[in-house]
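Q: Before I ask anything, here is the structure I am working with.
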Amino acid sequence: MTTAIQKSPAICPALDNVEKEFVTAMLTVPIPKMGQDELFRGILQTVNRSYLELGQMPAGTTTAERDKSLAAITNLIIIDIKEYFPRLTLDEFNLAVRRGLRFEYGKYYGFNVLSVHKFIESFLACEEREMALSKQQRYLQEAKDRETEPLSVEQKWEIMKHGILSQFEAYKSTKVLRDYGNASYDFFDKAGVIQLSNEEKKQIFKEAEERIKNEALTKSGSDLFMTLVGKKFNTHDKKAAAVSMAKQISLAKFYDSDPDIPGLLKSEKLFKAFCDE
């Protein structure tokens with residue numbers, strides 16, 4: 001099995017050579033996804049080179065015995081990586097061992113599975129690497145943000161229509177109205193769909209104040225709670241809450257009148273009102 005060639009994302013141009021090495025190593029294929037033969041050859045090559053750089057030889061008195069030792073440690077390293085570092089790539093393994101052999105991750109005693117494990121662990125926790133990957137991630141996110149085109153007015157209108165229709169259908173079936181930020185009421189009011197006389201507005205506002213008071217009493221069970229609430233919130237806060245509640249009540253009354261919401265949302269009048277926002 002041969003590892004499939006994957007298209008890598010663009011590398012952040014602001015990275016220095018060391019940082020690029022960290023990033024490019026991370027972008028290659030994770031070890032568990034590599035073919036077994038390809039993986040064995042790759043790890044074996046690094047293990048063999050490590051012994052040469054250290055001026056050491058694997059256990060054994062004959063070439064056959066040393067080859068057997070190399071194969072054994074290679075297989076043990078592969079098992080260790082798959083168990084403890086499943087996202088590690090072969091390039092990262094090579095980089096970790098190269099740096100570890102040069103004491104960049106502290107002292108070690110002999111080249112073996114445990115020392116290689118320590119090299120990889122230290123490599124993955126390395127602050128230099130974390131900073132490089134963080135820079136790369138920011139670069140990719142900024143590039144993605146630049147490529148994302150803003151929504152057209154038509155697309156925004158479709159989102160608005162879907163939201164209003166879903167809200168209307170939910171209210172008709174549950175009698176529970178959720179109009180966050182009074183967005184639907186404000187839109188219908190601006191479009192001239194909801195028309196109330198001054199007298200109706202006063203009556204609804206009074207109803208809203210009573211509803212807020214009753215809801216608070218229900219939750220508290222005493223007038224003392226209302227006294228404390230009155231001290232905590234100023235007149236402006238209470239009025240704003242009443243205005244929001246009045247809008248909720250007005251929208252509910254409008255929905256209760258059984259309007260043709262799907263038909264209204266198809267009208268040019270509402271689309272024009274939306275465009276003028």
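As shown in the structure tokens, the chain order sets the letters A, B, ...; within each chain, residues go from 1, and ligands are also counted from 1 in the order they appear.
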Quick one: residues within 8 Å of region 73-78 of chain A, only C-alpha atoms counted, chain neighbours fewer than 6 positions away excluded, as a list in words?

A: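 Neighbouring residues, sequence-local ones excluded: Phe40, Ile43, Leu44, Val47, Asn112, Val113, Val116 and His117 of chain A.
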
Q: Next, write the just-selected residues to a file, as a short mmCIF file (atom, residue, chain, number, x, y, z; two decimals), in the first residue's frame, keeping N, CA and C atoms as the atom set.

A:
```
data_model
loop_
_atom_site.label_atom_id
_atom_site.label_comp_id
_atom_site.auth_asym_id
_atom_site.auth_seq_id
_atom_site.Cartn_x
_atom_site.Cartn_y
_atom_site.Cartn_z
N PHE A 40 7.45 1.02 7.78
CA PHE A 40 8.59 0.28 8.32
C PHE A 40 9.89 0.78 7.72
N ILE A 43 10.75 4.37 9.18
CA ILE A 43 11.24 4.35 10.56
C ILE A 43 12.61 3.68 10.63
N LEU A 44 12.76 2.58 9.89
CA LEU A 44 14.04 1.84 9.89
C LEU A 44 15.18 2.73 9.41
N VAL A 47 16.10 5.04 12.25
CA VAL A 47 16.75 4.29 13.33
C VAL A 47 18.20 3.98 12.95
N ASN A 112 16.97 4.01 22.37
CA ASN A 112 16.05 2.89 22.51
C ASN A 112 14.61 3.40 22.40
N VAL A 113 13.67 2.52 22.58
CA VAL A 113 12.25 2.90 22.44
C VAL A 113 11.86 3.97 23.44
N VAL A 116 13.31 7.37 22.42
CA VAL A 116 12.56 7.88 21.26
C VAL A 116 11.19 8.39 21.71
N HIS A 117 10.56 7.69 22.62
CA HIS A 117 9.27 8.12 23.17
C HIS A 117 9.41 9.51 23.80
#
```

Q: List every residue of region 3-109 of chain A that has an atom at most 10 Å from any atom of region 130-147 of chain A, and for each one report the closest atom pair and its distance in Å to one decimal, counting only C-alpha atoms, with rows sorted by chain and then by increasing residue number, as a tab-separated table.

A:
```
residue	atom	partner	partner_atom	distance
A:Pro9	CA	A:Leu140	CA	8.0
A:Ala10	CA	A:Leu140	CA	7.8
A:Ile11	CA	A:Gln136	CA	6.8
A:Cys12	CA	A:Gln136	CA	5.5
A:Pro13	CA	A:Tyr139	CA	8.9
A:Ala14	CA	A:Lys135	CA	8.3
A:Leu15	CA	A:Ala132	CA	7.1
A:Asp16	CA	A:Ala132	CA	8.9
A:Val18	CA	A:Ala132	CA	8.6
A:Glu19	CA	A:Ala132	CA	5.0
A:Lys20	CA	A:Ala132	CA	7.4
A:Glu21	CA	A:Ala132	CA	9.1
A:Phe22	CA	A:Ala132	CA	6.8
A:Val23	CA	A:Leu133	CA	6.1
A:Thr24	CA	A:Leu133	CA	9.8
A:Met26	CA	A:Leu133	CA	8.6
```

Q: Got time to write the residues from that selection, C-alpha atoms, as a tab-separated table (two decimals), in the first residue's frame?

A:
```
chain	number	residue	atom	x	y	z
A	9	PRO	CA	-2.63	24.07	2.38
A	10	ALA	CA	-0.49	27.12	1.68
A	11	ILE	CA	2.29	27.78	4.17
A	12	CYS	CA	2.28	31.09	6.03
A	13	PRO	CA	4.96	33.28	4.37
A	14	ALA	CA	5.78	34.93	7.70
A	15	LEU	CA	7.24	31.71	9.12
A	16	ASP	CA	11.01	31.43	9.46
A	18	VAL	CA	12.57	26.51	11.64
A	19	GLU	CA	8.86	27.28	11.90
A	20	LYS	CA	8.26	26.12	8.33
A	21	GLU	CA	9.95	22.84	9.19
A	22	PHE	CA	7.50	22.27	12.04
A	23	VAL	CA	4.48	23.13	9.89
A	24	THR	CA	5.44	21.16	6.78
A	26	MET	CA	2.77	18.34	10.57
```

Q: Could you give me the residues within region 49-217 of chain A that DSSP places in alpha helix (DSSP H), as a ChimeraX atom specification?

A: /A:49-54,63-84,90-101,113-125,127-147,153-174,183-190,198-217

Q: Can you work out which one of A:Leu265, A:Leu177, A:Leu251, A:Val29 has the shortest atom-to-atom distance to Ile159 (chain A), counting only C-alpha atoms?

A: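 Among the listed residues, the smallest separation from Ile159 (chain A) belongs to A:Leu265.
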
Q: Give the answer as one residue: which of A:Phe85, A:Tyr180, A:Tyr255, A:Tyr109 has the shortest atom-to-atom distance to Phe168 (chain A), using only C-alpha atoms?

A: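 For Phe168 (chain A), the nearest of the given residues is A:Tyr255.
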
Q: Which residues are close to Gly55 (chain A), i.e. within 12 Å by only C-alpha atoms, leaving aside same-chain residues fewer than 3 positions away? Reply as a ChimeraX atom specification.

A: /A:48-52,58,101,110-111

Q: Please determine, counting only C-alpha atoms, which residue among A:Ser197, A:Thr28, A:Ser267, A:Ser122 has the shortest atom-to-atom distance to Lys161 (chain A).

A: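 Result for the nearest residue to Lys161 (chain A): A:Ser267.
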
Q: My list of candidates is A:Cys126, A:Leu114, A:Ile212, A:Leu88. Which is closest to Lys239 (chain A) when distances are computed with only C-alpha atoms?

A: A:Ile212

Q: Please indicate the distance in Å from CA of Ala208 (chain A) to CA of Ala242 (chain A), rounded to one decimal place.

A: 5.5 Å

Q: So how far away is CA of Arg211 (chain A) from CA of Ala241 (chain A), in Å?

A: 10.8 Å

Q: Which is closest to Arg87 (chain A) among A:Ser244, A:Ile120, A:Pro150, A:Asp179, if we use only C-alpha atoms?

A: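 Selected residue with least distance to Arg87 (chain A): A:Ile120.
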
Q: What separation in Å, quoted to one decimal, exists between CA of Ala64 (chain A) and CA of Val97 (chain A)?

A: 24.9 Å

Q: Pick out the closest residue to Ser152 (chain A) from this set: A:Ala191, A:Leu27, A:Ala59, A:Cys275. Count only C-alpha atoms.

A: A:Cys275

Q: Neighbours of Ser257 (chain A) within 12 Å (only C-alpha atoms; same-chain residues fewer than 4 positions away dropped), as a PyMOL selection string?

A: chain A and resi 168+172+194+250-253+261

Q: May I have the residues from that selection written out with C-alpha atoms, as a PDB file, in the first residue's frame?

A:
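again24.pdb, written as the output of this step:
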```pdb
ATOM      1  CA  PHE A 168     -44.968  31.634  13.053  1.00  0.00           C
ATOM      2  CA  LYS A 172     -49.333  28.332  15.987  1.00  0.00           C
ATOM      3  CA  ILE A 194     -48.751  45.560  12.092  1.00  0.00           C
ATOM      4  CA  SER A 250     -48.492  42.705  19.729  1.00  0.00           C
ATOM      5  CA  LEU A 251     -46.759  40.124  17.542  1.00  0.00           C
ATOM      6  CA  ALA A 252     -48.675  37.299  19.228  1.00  0.00           C
ATOM      7  CA  LYS A 253     -51.985  39.112  18.604  1.00  0.00           C
ATOM      8  CA  ILE A 261     -47.505  34.751   6.454  1.00  0.00           C
TER       9      ILE A 261
END
```

Q: Which polymer residues have any atom within 9 Å of an atom of Phe187 (chain A), counting only C-alpha atoms, with same-chain residues fewer than 6 positions away left out, as a list in words?

A: Val193, Leu270, Ala273, Phe274 and Glu277 of chain A
